[in-house]
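Novice: If it helps, the file is called query.cif and holds mmCIF, N, CA and C atoms:
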```
data_upload
loop_
_atom_site.label_atom_id
_atom_site.label_comp_id
_atom_site.auth_asym_id
_atom_site.auth_seq_id
_atom_site.Cartn_x
_atom_site.Cartn_y
_atom_site.Cartn_z
N MET A 1054 0.85 -1.17 0.00
CA MET A 1054 0.00 0.00 0.00
C MET A 1054 0.91 1.24 0.00
N ALA A 1055 0.58 2.18 -0.86
CA ALA A 1055 1.36 3.41 -0.98
C ALA A 1055 1.18 4.28 0.26
N PRO A 1056 2.17 5.14 0.56
CA PRO A 1056 2.07 5.99 1.75
C PRO A 1056 0.83 6.90 1.78
N ASP A 1057 0.41 7.42 0.62
CA ASP A 1057 -0.76 8.30 0.62
C ASP A 1057 -2.03 7.53 0.96
N GLU A 1058 -2.16 6.32 0.44
CA GLU A 1058 -3.33 5.50 0.78
C GLU A 1058 -3.30 5.10 2.25
N ARG A 1059 -2.13 4.74 2.74
CA ARG A 1059 -1.99 4.38 4.15
C ARG A 1059 -2.38 5.57 5.04
N ALA A 1060 -1.97 6.78 4.65
CA ALA A 1060 -2.32 7.99 5.42
C ALA A 1060 -3.83 8.22 5.42
N LEU A 1061 -4.48 8.02 4.28
CA LEU A 1061 -5.93 8.20 4.24
C LEU A 1061 -6.62 7.17 5.12
N ARG A 1062 -6.22 5.93 5.01
CA ARG A 1062 -6.86 4.88 5.82
C ARG A 1062 -6.70 5.17 7.32
N ALA A 1063 -5.57 5.71 7.71
CA ALA A 1063 -5.39 6.11 9.11
C ALA A 1063 -6.33 7.26 9.46
N ALA A 1064 -6.50 8.21 8.54
CA ALA A 1064 -7.40 9.34 8.78
C ALA A 1064 -8.85 8.88 8.90
N LEU A 1065 -9.22 7.82 8.20
CA LEU A 1065 -10.58 7.30 8.28
C LEU A 1065 -10.86 6.68 9.65
N ASP A 1066 -9.81 6.37 10.39
CA ASP A 1066 -9.96 5.85 11.76
C ASP A 1066 -9.77 6.94 12.81
N SER A 1067 -9.53 8.17 12.39
CA SER A 1067 -9.25 9.26 13.32
C SER A 1067 -10.52 9.72 14.03
N PRO A 1068 -10.36 10.32 15.22
CA PRO A 1068 -11.53 10.87 15.91
C PRO A 1068 -12.27 11.93 15.10
N ALA A 1069 -11.55 12.75 14.34
CA ALA A 1069 -12.20 13.81 13.55
C ALA A 1069 -13.13 13.21 12.50
N PHE A 1070 -12.70 12.14 11.85
CA PHE A 1070 -13.55 11.50 10.85
C PHE A 1070 -14.68 10.73 11.53
N ARG A 1071 -14.34 9.95 12.54
CA ARG A 1071 -15.33 9.11 13.22
C ARG A 1071 -16.43 9.94 13.88
N SER A 1072 -16.07 11.11 14.41
CA SER A 1072 -17.09 11.94 15.05
C SER A 1072 -18.12 12.43 14.04
N GLY A 1073 -17.68 12.70 12.81
CA GLY A 1073 -18.62 13.09 11.76
C GLY A 1073 -19.55 11.95 11.38
N VAL A 1074 -19.01 10.74 11.32
CA VAL A 1074 -19.82 9.56 11.01
C VAL A 1074 -20.82 9.33 12.15
N ASP A 1075 -20.29 9.31 13.38
CA ASP A 1075 -21.15 9.05 14.54
C ASP A 1075 -22.20 10.14 14.74
N GLY A 1076 -21.87 11.36 14.34
CA GLY A 1076 -22.80 12.47 14.47
C GLY A 1076 -23.77 12.62 13.31
N GLY A 1077 -23.69 11.70 12.34
CA GLY A 1077 -24.62 11.73 11.21
C GLY A 1077 -24.34 12.87 10.23
N ARG A 1078 -23.09 13.31 10.15
CA ARG A 1078 -22.74 14.40 9.23
C ARG A 1078 -22.22 13.89 7.89
N TRP A 1079 -21.55 12.74 7.89
CA TRP A 1079 -21.03 12.15 6.66
C TRP A 1079 -20.71 10.68 6.88
N ARG A 1080 -20.47 9.99 5.77
CA ARG A 1080 -19.98 8.61 5.83
C ARG A 1080 -19.29 8.27 4.52
N LEU A 1081 -18.40 7.31 4.60
CA LEU A 1081 -17.70 6.81 3.42
C LEU A 1081 -18.60 5.84 2.68
N ILE A 1082 -18.71 6.03 1.37
CA ILE A 1082 -19.50 5.12 0.52
C ILE A 1082 -18.59 4.09 -0.13
N SER A 1083 -17.47 4.57 -0.71
CA SER A 1083 -16.55 3.65 -1.38
C SER A 1083 -15.15 4.25 -1.42
N LEU A 1084 -14.18 3.35 -1.52
CA LEU A 1084 -12.79 3.76 -1.67
C LEU A 1084 -12.15 2.84 -2.69
N ASP A 1085 -11.83 3.40 -3.83
CA ASP A 1085 -11.12 2.70 -4.90
C ASP A 1085 -9.92 3.59 -5.21
N TRP A 1086 -8.84 3.36 -4.48
CA TRP A 1086 -7.71 4.28 -4.47
C TRP A 1086 -7.30 4.72 -5.87
N PRO A 1087 -7.14 6.03 -6.09
CA PRO A 1087 -7.09 7.13 -5.14
C PRO A 1087 -8.41 7.90 -4.98
N VAL A 1088 -9.51 7.29 -5.40
CA VAL A 1088 -10.80 8.00 -5.36
C VAL A 1088 -11.66 7.45 -4.23
N ALA A 1089 -12.19 8.38 -3.44
CA ALA A 1089 -13.13 8.03 -2.38
C ALA A 1089 -14.43 8.77 -2.64
N VAL A 1090 -15.53 8.11 -2.34
CA VAL A 1090 -16.85 8.73 -2.46
C VAL A 1090 -17.49 8.70 -1.08
N PHE A 1091 -17.99 9.86 -0.69
CA PHE A 1091 -18.63 10.04 0.61
C PHE A 1091 -20.06 10.52 0.38
N VAL A 1092 -20.88 10.41 1.39
CA VAL A 1092 -22.16 11.10 1.42
C VAL A 1092 -22.05 12.11 2.55
N VAL A 1093 -22.47 13.34 2.27
CA VAL A 1093 -22.46 14.41 3.27
C VAL A 1093 -23.90 14.87 3.44
N PHE A 1094 -24.35 14.90 4.68
CA PHE A 1094 -25.74 15.24 4.95
C PHE A 1094 -25.93 16.75 4.95
N ALA A 1095 -27.06 17.18 4.39
CA ALA A 1095 -27.36 18.59 4.19
C ALA A 1095 -28.51 19.03 5.10
N ALA A 1096 -28.63 20.33 5.25
CA ALA A 1096 -29.74 20.89 6.02
C ALA A 1096 -31.05 20.56 5.32
N ALA A 1097 -32.08 20.34 6.11
CA ALA A 1097 -33.40 20.07 5.55
C ALA A 1097 -33.93 21.35 4.91
N ARG A 1098 -34.21 21.25 3.63
CA ARG A 1098 -34.75 22.39 2.89
C ARG A 1098 -35.84 21.88 1.95
N HIS A 1099 -36.82 22.71 1.72
CA HIS A 1099 -37.91 22.37 0.82
C HIS A 1099 -37.36 22.08 -0.57
N ASP A 1100 -37.78 20.97 -1.17
CA ASP A 1100 -37.38 20.57 -2.52
C ASP A 1100 -35.88 20.38 -2.69
N SER A 1101 -35.18 20.00 -1.63
CA SER A 1101 -33.74 19.72 -1.71
C SER A 1101 -33.47 18.37 -1.06
N PRO A 1102 -32.47 17.66 -1.56
CA PRO A 1102 -32.15 16.36 -0.95
C PRO A 1102 -31.56 16.55 0.45
N GLY A 1103 -31.63 15.52 1.22
CA GLY A 1103 -31.07 15.55 2.57
C GLY A 1103 -29.60 15.23 2.62
N ASN A 1104 -29.03 14.85 1.46
CA ASN A 1104 -27.60 14.57 1.41
C ASN A 1104 -27.10 14.68 -0.02
N TYR A 1105 -25.79 14.76 -0.13
CA TYR A 1105 -25.12 14.84 -1.43
C TYR A 1105 -23.93 13.90 -1.43
N GLY A 1106 -23.67 13.30 -2.59
CA GLY A 1106 -22.45 12.54 -2.76
C GLY A 1106 -21.30 13.51 -2.98
N LEU A 1107 -20.11 13.11 -2.55
CA LEU A 1107 -18.90 13.90 -2.74
C LEU A 1107 -17.80 12.95 -3.19
N ARG A 1108 -17.27 13.19 -4.39
CA ARG A 1108 -16.19 12.36 -4.94
C ARG A 1108 -14.89 13.13 -4.81
N LEU A 1109 -13.88 12.51 -4.20
CA LEU A 1109 -12.59 13.15 -4.01
C LEU A 1109 -11.46 12.31 -4.58
N ASP A 1110 -10.57 12.95 -5.31
CA ASP A 1110 -9.32 12.34 -5.75
C ASP A 1110 -8.29 12.67 -4.67
N LEU A 1111 -7.75 11.64 -4.05
CA LEU A 1111 -6.86 11.81 -2.91
C LEU A 1111 -5.40 11.52 -3.24
N THR A 1112 -5.02 11.63 -4.48
CA THR A 1112 -3.64 11.41 -4.90
C THR A 1112 -2.71 12.30 -4.08
N ARG A 1113 -1.66 11.70 -3.53
CA ARG A 1113 -0.63 12.38 -2.72
C ARG A 1113 -1.16 12.94 -1.40
N TYR A 1114 -2.23 12.35 -0.89
CA TYR A 1114 -2.79 12.74 0.41
C TYR A 1114 -1.79 12.40 1.51
N PRO A 1115 -1.58 13.21 2.50
CA PRO A 1115 -2.11 14.54 2.74
C PRO A 1115 -1.20 15.67 2.27
N GLN A 1116 -0.06 15.34 1.64
CA GLN A 1116 0.84 16.40 1.17
C GLN A 1116 0.15 17.34 0.19
N GLN A 1117 -0.72 16.79 -0.61
CA GLN A 1117 -1.45 17.57 -1.59
C GLN A 1117 -2.93 17.56 -1.20
N ALA A 1118 -3.58 18.67 -1.38
CA ALA A 1118 -5.01 18.74 -1.08
C ALA A 1118 -5.80 17.81 -1.99
N PRO A 1119 -6.84 17.19 -1.48
CA PRO A 1119 -7.75 16.44 -2.36
C PRO A 1119 -8.46 17.40 -3.32
N THR A 1120 -9.04 16.85 -4.34
CA THR A 1120 -9.87 17.65 -5.25
C THR A 1120 -11.10 16.83 -5.60
N GLY A 1121 -12.19 17.52 -5.85
CA GLY A 1121 -13.42 16.84 -6.23
C GLY A 1121 -14.62 17.72 -6.01
N SER A 1122 -15.77 17.13 -6.24
CA SER A 1122 -17.01 17.89 -6.09
C SER A 1122 -18.17 16.93 -5.90
N LEU A 1123 -19.36 17.48 -6.06
CA LEU A 1123 -20.57 16.71 -5.82
C LEU A 1123 -20.75 15.60 -6.84
N TRP A 1124 -21.24 14.48 -6.37
CA TRP A 1124 -21.31 13.24 -7.14
C TRP A 1124 -22.71 12.67 -7.08
N ASP A 1125 -23.20 12.23 -8.23
CA ASP A 1125 -24.50 11.56 -8.30
C ASP A 1125 -24.29 10.09 -7.96
N LEU A 1126 -24.72 9.68 -6.79
CA LEU A 1126 -24.49 8.31 -6.33
C LEU A 1126 -25.24 7.28 -7.15
N GLU A 1127 -26.40 7.64 -7.69
CA GLU A 1127 -27.18 6.69 -8.48
C GLU A 1127 -26.60 6.51 -9.88
N ARG A 1128 -26.22 7.61 -10.52
CA ARG A 1128 -25.68 7.53 -11.89
C ARG A 1128 -24.18 7.26 -11.91
N ASP A 1129 -23.51 7.39 -10.75
CA ASP A 1129 -22.06 7.22 -10.65
C ASP A 1129 -21.34 8.17 -11.61
N ASP A 1130 -21.69 9.46 -11.47
CA ASP A 1130 -21.15 10.51 -12.33
C ASP A 1130 -21.26 11.84 -11.59
N TRP A 1131 -20.60 12.87 -12.11
CA TRP A 1131 -20.68 14.19 -11.51
C TRP A 1131 -22.14 14.63 -11.44
N LEU A 1132 -22.49 15.30 -10.36
CA LEU A 1132 -23.85 15.76 -10.18
C LEU A 1132 -24.17 16.84 -11.20
N ALA A 1133 -25.29 16.69 -11.87
CA ALA A 1133 -25.72 17.65 -12.90
C ALA A 1133 -25.94 19.02 -12.27
N SER A 1134 -25.73 20.05 -13.06
CA SER A 1134 -25.84 21.42 -12.54
C SER A 1134 -27.24 21.72 -12.00
N ASP A 1135 -28.28 21.17 -12.61
CA ASP A 1135 -29.63 21.47 -12.13
C ASP A 1135 -29.99 20.71 -10.84
N GLU A 1136 -29.11 19.81 -10.39
CA GLU A 1136 -29.34 19.07 -9.15
C GLU A 1136 -28.45 19.55 -8.00
N ARG A 1137 -27.61 20.53 -8.29
CA ARG A 1137 -26.71 21.06 -7.26
C ARG A 1137 -27.44 22.06 -6.37
N PRO A 1138 -26.91 22.28 -5.17
CA PRO A 1138 -27.55 23.25 -4.28
C PRO A 1138 -27.61 24.63 -4.91
N LYS A 1139 -28.69 25.32 -4.65
CA LYS A 1139 -28.90 26.66 -5.22
C LYS A 1139 -28.78 27.71 -4.13
N GLY A 1140 -28.26 28.85 -4.52
CA GLY A 1140 -28.21 30.01 -3.64
C GLY A 1140 -27.01 30.04 -2.72
N GLY A 1141 -26.64 31.24 -2.37
CA GLY A 1141 -25.63 31.50 -1.36
C GLY A 1141 -24.30 30.82 -1.57
N LEU A 1142 -23.70 30.44 -0.46
CA LEU A 1142 -22.36 29.87 -0.45
C LEU A 1142 -22.29 28.56 -1.22
N ALA A 1143 -23.29 27.70 -1.09
CA ALA A 1143 -23.26 26.40 -1.76
C ALA A 1143 -23.20 26.56 -3.28
N GLU A 1144 -23.95 27.47 -3.81
CA GLU A 1144 -23.92 27.68 -5.27
C GLU A 1144 -22.56 28.19 -5.71
N HIS A 1145 -21.91 28.98 -4.87
CA HIS A 1145 -20.58 29.51 -5.18
C HIS A 1145 -19.51 28.42 -5.11
N VAL A 1146 -19.55 27.60 -4.08
CA VAL A 1146 -18.54 26.55 -3.88
C VAL A 1146 -18.70 25.42 -4.88
N PHE A 1147 -19.93 25.05 -5.19
CA PHE A 1147 -20.19 23.91 -6.08
C PHE A 1147 -20.58 24.36 -7.48
N ARG A 1148 -19.99 25.41 -7.94
CA ARG A 1148 -20.34 25.97 -9.25
C ARG A 1148 -19.93 25.03 -10.39
N THR A 1149 -20.67 25.10 -11.46
CA THR A 1149 -20.38 24.25 -12.62
C THR A 1149 -19.75 25.03 -13.77
N ASP A 1150 -19.65 26.35 -13.63
CA ASP A 1150 -19.04 27.15 -14.68
C ASP A 1150 -17.52 27.29 -14.48
N TRP A 1151 -16.97 26.51 -13.59
CA TRP A 1151 -15.54 26.51 -13.31
C TRP A 1151 -15.08 25.06 -13.20
N GLU A 1152 -14.05 24.69 -13.98
CA GLU A 1152 -13.52 23.32 -13.99
C GLU A 1152 -14.60 22.28 -14.28
N ASN A 1153 -15.61 22.68 -15.04
CA ASN A 1153 -16.71 21.79 -15.40
C ASN A 1153 -17.40 21.17 -14.19
N GLY A 1154 -17.32 21.85 -13.05
CA GLY A 1154 -17.97 21.36 -11.84
C GLY A 1154 -17.30 20.17 -11.19
N ARG A 1155 -16.05 19.91 -11.55
CA ARG A 1155 -15.35 18.73 -11.04
C ARG A 1155 -14.38 19.04 -9.90
N ALA A 1156 -14.39 20.28 -9.44
CA ALA A 1156 -13.58 20.69 -8.29
C ALA A 1156 -14.39 21.73 -7.53
N THR A 1157 -14.22 21.75 -6.22
CA THR A 1157 -14.91 22.76 -5.44
C THR A 1157 -14.13 24.06 -5.54
N TYR A 1158 -14.85 25.15 -5.61
CA TYR A 1158 -14.25 26.47 -5.70
C TYR A 1158 -14.03 26.97 -4.27
N ALA A 1159 -13.01 26.38 -3.62
CA ALA A 1159 -12.75 26.65 -2.22
C ALA A 1159 -11.28 26.39 -1.91
N PRO A 1160 -10.74 27.01 -0.85
CA PRO A 1160 -9.32 26.89 -0.56
C PRO A 1160 -8.88 25.53 -0.01
N TRP A 1161 -9.81 24.61 0.18
CA TRP A 1161 -9.40 23.26 0.58
C TRP A 1161 -9.26 22.32 -0.61
N ASP A 1162 -9.51 22.80 -1.82
CA ASP A 1162 -9.44 21.97 -3.03
C ASP A 1162 -8.12 22.19 -3.77
N ARG A 1163 -7.46 21.12 -4.17
CA ARG A 1163 -6.16 21.17 -4.86
C ARG A 1163 -6.22 22.02 -6.12
N VAL A 1164 -7.20 21.82 -6.95
CA VAL A 1164 -7.30 22.55 -8.22
C VAL A 1164 -7.54 24.03 -7.97
N ALA A 1165 -8.41 24.34 -7.02
CA ALA A 1165 -8.69 25.74 -6.70
C ALA A 1165 -7.45 26.43 -6.14
N LEU A 1166 -6.72 25.74 -5.28
CA LEU A 1166 -5.51 26.33 -4.70
C LEU A 1166 -4.44 26.59 -5.74
N GLU A 1167 -4.33 25.69 -6.71
CA GLU A 1167 -3.33 25.89 -7.77
C GLU A 1167 -3.59 27.16 -8.55
N GLY A 1168 -4.85 27.51 -8.73
CA GLY A 1168 -5.19 28.70 -9.50
C GLY A 1168 -5.39 29.96 -8.68
N HIS A 1169 -5.36 29.81 -7.35
CA HIS A 1169 -5.62 30.95 -6.47
C HIS A 1169 -4.63 30.92 -5.30
N SER A 1170 -3.37 31.12 -5.59
CA SER A 1170 -2.33 31.02 -4.56
C SER A 1170 -2.54 32.00 -3.42
N GLU A 1171 -3.20 33.11 -3.65
CA GLU A 1171 -3.45 34.11 -2.61
C GLU A 1171 -4.45 33.61 -1.55
N TRP A 1172 -5.23 32.57 -1.86
CA TRP A 1172 -6.22 32.08 -0.93
C TRP A 1172 -5.60 31.57 0.37
N ALA A 1173 -4.41 30.97 0.30
CA ALA A 1173 -3.76 30.47 1.51
C ALA A 1173 -3.55 31.59 2.52
N ARG A 1174 -3.21 32.75 2.05
CA ARG A 1174 -3.00 33.91 2.91
C ARG A 1174 -4.33 34.54 3.32
N GLN A 1175 -5.26 34.60 2.39
CA GLN A 1175 -6.54 35.26 2.65
C GLN A 1175 -7.50 34.43 3.50
N HIS A 1176 -7.41 33.11 3.40
CA HIS A 1176 -8.36 32.22 4.09
C HIS A 1176 -7.63 31.09 4.83
N PRO A 1177 -6.73 31.43 5.75
CA PRO A 1177 -5.94 30.36 6.39
C PRO A 1177 -6.79 29.33 7.15
N GLN A 1178 -7.93 29.73 7.68
CA GLN A 1178 -8.78 28.80 8.43
C GLN A 1178 -9.43 27.76 7.52
N ASP A 1179 -9.51 28.04 6.23
CA ASP A 1179 -10.16 27.13 5.28
C ASP A 1179 -9.19 26.49 4.29
N THR A 1180 -7.91 26.83 4.39
CA THR A 1180 -6.92 26.34 3.43
C THR A 1180 -6.35 25.00 3.86
N TRP A 1181 -6.23 24.12 2.88
CA TRP A 1181 -5.65 22.81 3.13
C TRP A 1181 -4.16 22.94 3.42
N HIS A 1182 -3.66 22.12 4.33
CA HIS A 1182 -2.23 21.90 4.52
C HIS A 1182 -2.08 20.48 5.02
N PRO A 1183 -0.88 19.90 4.94
CA PRO A 1183 -0.71 18.48 5.27
C PRO A 1183 -1.11 18.08 6.68
N GLY A 1184 -1.24 19.03 7.60
CA GLY A 1184 -1.68 18.71 8.95
C GLY A 1184 -3.18 18.50 9.06
N ARG A 1185 -3.90 18.82 8.01
CA ARG A 1185 -5.36 18.64 8.02
C ARG A 1185 -5.67 17.20 7.61
N GLY A 1186 -6.80 16.72 8.01
CA GLY A 1186 -7.23 15.38 7.62
C GLY A 1186 -8.48 15.43 6.78
N ILE A 1187 -8.93 14.27 6.36
CA ILE A 1187 -10.11 14.19 5.51
C ILE A 1187 -11.34 14.75 6.22
N GLY A 1188 -11.39 14.64 7.53
CA GLY A 1188 -12.49 15.21 8.29
C GLY A 1188 -12.58 16.73 8.14
N PHE A 1189 -11.45 17.37 7.91
CA PHE A 1189 -11.44 18.83 7.70
C PHE A 1189 -12.25 19.19 6.46
N ILE A 1190 -12.00 18.50 5.35
CA ILE A 1190 -12.73 18.80 4.12
C ILE A 1190 -14.21 18.45 4.29
N LEU A 1191 -14.49 17.31 4.85
CA LEU A 1191 -15.88 16.91 5.03
C LEU A 1191 -16.62 17.88 5.95
N SER A 1192 -15.95 18.39 6.97
CA SER A 1192 -16.61 19.36 7.85
C SER A 1192 -16.87 20.67 7.12
N ARG A 1193 -15.95 21.07 6.23
CA ARG A 1193 -16.17 22.29 5.44
C ARG A 1193 -17.34 22.10 4.47
N VAL A 1194 -17.40 20.97 3.80
CA VAL A 1194 -18.50 20.71 2.87
C VAL A 1194 -19.81 20.63 3.66
N HIS A 1195 -19.81 19.96 4.78
CA HIS A 1195 -21.01 19.89 5.61
C HIS A 1195 -21.47 21.30 6.01
N SER A 1196 -20.53 22.16 6.39
CA SER A 1196 -20.88 23.53 6.77
C SER A 1196 -21.49 24.29 5.60
N VAL A 1197 -20.93 24.11 4.42
CA VAL A 1197 -21.47 24.77 3.23
C VAL A 1197 -22.90 24.30 2.97
N LEU A 1198 -23.15 23.02 3.14
CA LEU A 1198 -24.48 22.46 2.89
C LEU A 1198 -25.48 22.82 3.99
N HIS A 1199 -25.00 23.45 5.05
CA HIS A 1199 -25.87 23.91 6.13
C HIS A 1199 -25.92 25.44 6.22
N ALA A 1200 -25.16 26.12 5.38
CA ALA A 1200 -25.14 27.58 5.41
C ALA A 1200 -26.47 28.13 4.88
N ASP A 1201 -26.83 29.28 5.37
CA ASP A 1201 -28.03 29.93 4.86
C ASP A 1201 -27.85 30.22 3.39
N GLY A 1202 -28.85 29.91 2.62
CA GLY A 1202 -28.76 30.07 1.18
C GLY A 1202 -29.33 31.33 0.71
#
```
Would you kindly transcribe this structure into structure tokens?
Specialist:
Amino acid sequence: MAPDERALRAALDSPAFRSGVDGGRWRLISLDWPVAVFVVFAAARHDSPGNYGLRLDLTRYPQQAPTGSLWDLERDDWLASDERPKGGLAEHVFRTDWENGRATYAPWDRVALEGHSEWARQHPQDTWHPGRGIGFILSRVHSVLHADG
């Protein structure tokens, strides 16, 4: 097993990850290295699902930030733009007019960080670094899915 996969598997046993699972905030659906699919539970809203799939590419974890976005668990494909959360922060983070909707527009995403180097300085509380674990990203996505829209 490669060091990055070993690091992720250790993170899946960490208190930060387990507390999210135990608290009903997220859970792992599948892991086919280097891709993991999670379900993240969302705030109850009229005409909105109670959860969203999240597909992450974890290549070089944790030295490199994961990248990914919302995933259609039934179709096993990226979530269509008309099925993504609407309004506010969620619409901004899970936008489809950037990177074809395959990366989150946030400082915890590898692709976003590569194109926005100033974000590490501007948003240190939300920026990925190797000391963060998978629970950090899942907690950020969970927060976005619970933010006022």
Novice: Using only N, CA and C atoms, which residue out of A:His1145, A:Lys1139, A:Arg1080, A:His1199 lies closest to A:Tyr1158?
Specialist: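 The answer is A:His1145, which sits nearest to A:Tyr1158.
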Novice: Under the rule of at most 10 Å, produce a per-residue listing of stretch 1165-1198 of chain A near stretch 1057-1065 of chain A: chain, number, name, the closest pair of atoms, and the distance in Å, as JSON lines, using only C-alpha atoms.
Specialist:
```
{"residue": "A:Arg1185", "atom": "CA", "partner": "A:Ala1064", "partner_atom": "CA", "distance": 9.6}
{"residue": "A:Gly1186", "atom": "CA", "partner": "A:Ala1064", "partner_atom": "CA", "distance": 6.2}
{"residue": "A:Ile1187", "atom": "CA", "partner": "A:Ala1064", "partner_atom": "CA", "distance": 6.4}
{"residue": "A:Gly1188", "atom": "CA", "partner": "A:Ala1064", "partner_atom": "CA", "distance": 7.8}
```
Novice: Between atom CA of A:Trp1181 and atom C of A:Pro1115, what distance in Å does the model show, to one decimal?
Specialist: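 Straight-line distance from atom CA of A:Trp1181 to atom C of A:Pro1115 works out to 8.5 Å.
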Novice: Rank A:Ala1097, A:Val1088, A:Ala1143, A:Ala1156 by their smallest atom-to-atom distance to A:Thr1120, using only N, CA and C atoms, and report the top residue only.
Specialist: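 Residue with the minimum atom-to-atom distance to A:Thr1120: A:Ala1156.
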Novice: Could you state which residues are captured by the PyMOL selection byres ((chain A and resi 1086) around 8) in this file, as a JSON list (two decimals) with N, CA and C atoms, keeping the file's coordinate frame?
Specialist:
```
[["chain", "number", "residue", "atom", "x", "y", "z"],
["A", 1058, "GLU", "N", -2.16, 6.32, 0.44],
["A", 1058, "GLU", "CA", -3.33, 5.50, 0.78],
["A", 1058, "GLU", "C", -3.30, 5.10, 2.25],
["A", 1083, "SER", "N", -17.47, 4.57, -0.71],
["A", 1083, "SER", "CA", -16.55, 3.65, -1.38],
["A", 1083, "SER", "C", -15.15, 4.25, -1.42],
["A", 1084, "LEU", "N", -14.18, 3.35, -1.52],
["A", 1084, "LEU", "CA", -12.79, 3.76, -1.67],
["A", 1084, "LEU", "C", -12.15, 2.84, -2.69],
["A", 1085, "ASP", "N", -11.83, 3.40, -3.83],
["A", 1085, "ASP", "CA", -11.12, 2.70, -4.90],
["A", 1085, "ASP", "C", -9.92, 3.59, -5.21],
["A", 1087, "PRO", "N", -7.14, 6.03, -6.09],
["A", 1087, "PRO", "CA", -7.09, 7.13, -5.14],
["A", 1087, "PRO", "C", -8.41, 7.90, -4.98],
["A", 1088, "VAL", "N", -9.51, 7.29, -5.40],
["A", 1088, "VAL", "CA", -10.80, 8.00, -5.36],
["A", 1088, "VAL", "C", -11.66, 7.45, -4.23],
["A", 1089, "ALA", "N", -12.19, 8.38, -3.44],
["A", 1089, "ALA", "CA", -13.13, 8.03, -2.38],
["A", 1089, "ALA", "C", -14.43, 8.77, -2.64],
["A", 1110, "ASP", "N", -10.57, 12.95, -5.31],
["A", 1110, "ASP", "CA", -9.32, 12.34, -5.75],
["A", 1110, "ASP", "C", -8.29, 12.67, -4.67],
["A", 1111, "LEU", "N", -7.75, 11.64, -4.05],
["A", 1111, "LEU", "CA", -6.86, 11.81, -2.91],
["A", 1111, "LEU", "C", -5.40, 11.52, -3.24],
["A", 1112, "THR", "N", -5.02, 11.63, -4.48],
["A", 1112, "THR", "CA", -3.64, 11.41, -4.90],
["A", 1112, "THR", "C", -2.71, 12.30, -4.08]]
```
Novice: Name the closest residue to A:Trp1131 among the candidates A:Arg1108, A:Asp1066, A:His1169, A:Ala1118; distances are taken between atoms, counting all atoms listed in the file.
Specialist: A:Arg1108
Novice: Taking (-17.1, 26.0, -3.8) in the coordinates of the supplied file, I want to know which residues reach to within 9 Å of it, counting only C-alpha atoms; could you give the answer as a PyMOL selection string?
Specialist: chain A and resi 1122+1142-1148+1156-1160+1162+1165+1194+1197
Novice: So the first atom is atom C of A:Trp1124 and the second is atom CA of A:Arg1137; what is the distance between them in Å, to one decimal place?
Specialist: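 Pair atom C of A:Trp1124 / atom CA of A:Arg1137 returns 9.3 Å.
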Novice: Go through A:His1182, A:Arg1128, A:Arg1113, A:His1195 and flag the residue nearest A:Phe1091, using only C-alpha atoms for the distances.
Specialist: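 Nearest to A:Phe1091: A:His1195.
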Novice: From the list A:Gly1141, A:Trp1161, A:Trp1151, A:Ala1055, which residue is nearest A:Thr1180 when using only N, CA and C atoms?
Specialist: A:Trp1161
Novice: With only C-alpha atoms as the counted atoms, please give the residues lying no more than 9 Å from stretch 1101-1105 of chain A, apart from itself and same-chain residues fewer than 2 positions off, as a list in words.
Specialist: Trp1079, Phe1091, Val1092, Val1093, Phe1094, Ala1095, Ala1096, Ala1097, Arg1098, His1099, Leu1107, Leu1123, Trp1124, Asp1125, Leu1126, Leu1132, Glu1136, Arg1137, Pro1138 and Leu1198 of chain A
Novice: List every residue of chain A that DSSP, applied to the backbone of this structure, places in helix (DSSP H, G or I), and write the result as a PyMOL selection string.
Specialist: chain A and resi 1056-1065+1068-1075+1134-1136+1141-1146+1152-1154+1163-1168+1172-1175+1187-1199
Novice: So what do you get for atom CA of A:Asp1100 versus atom CA of A:Ser1134, distance-wise?
Specialist: 15.3 Å
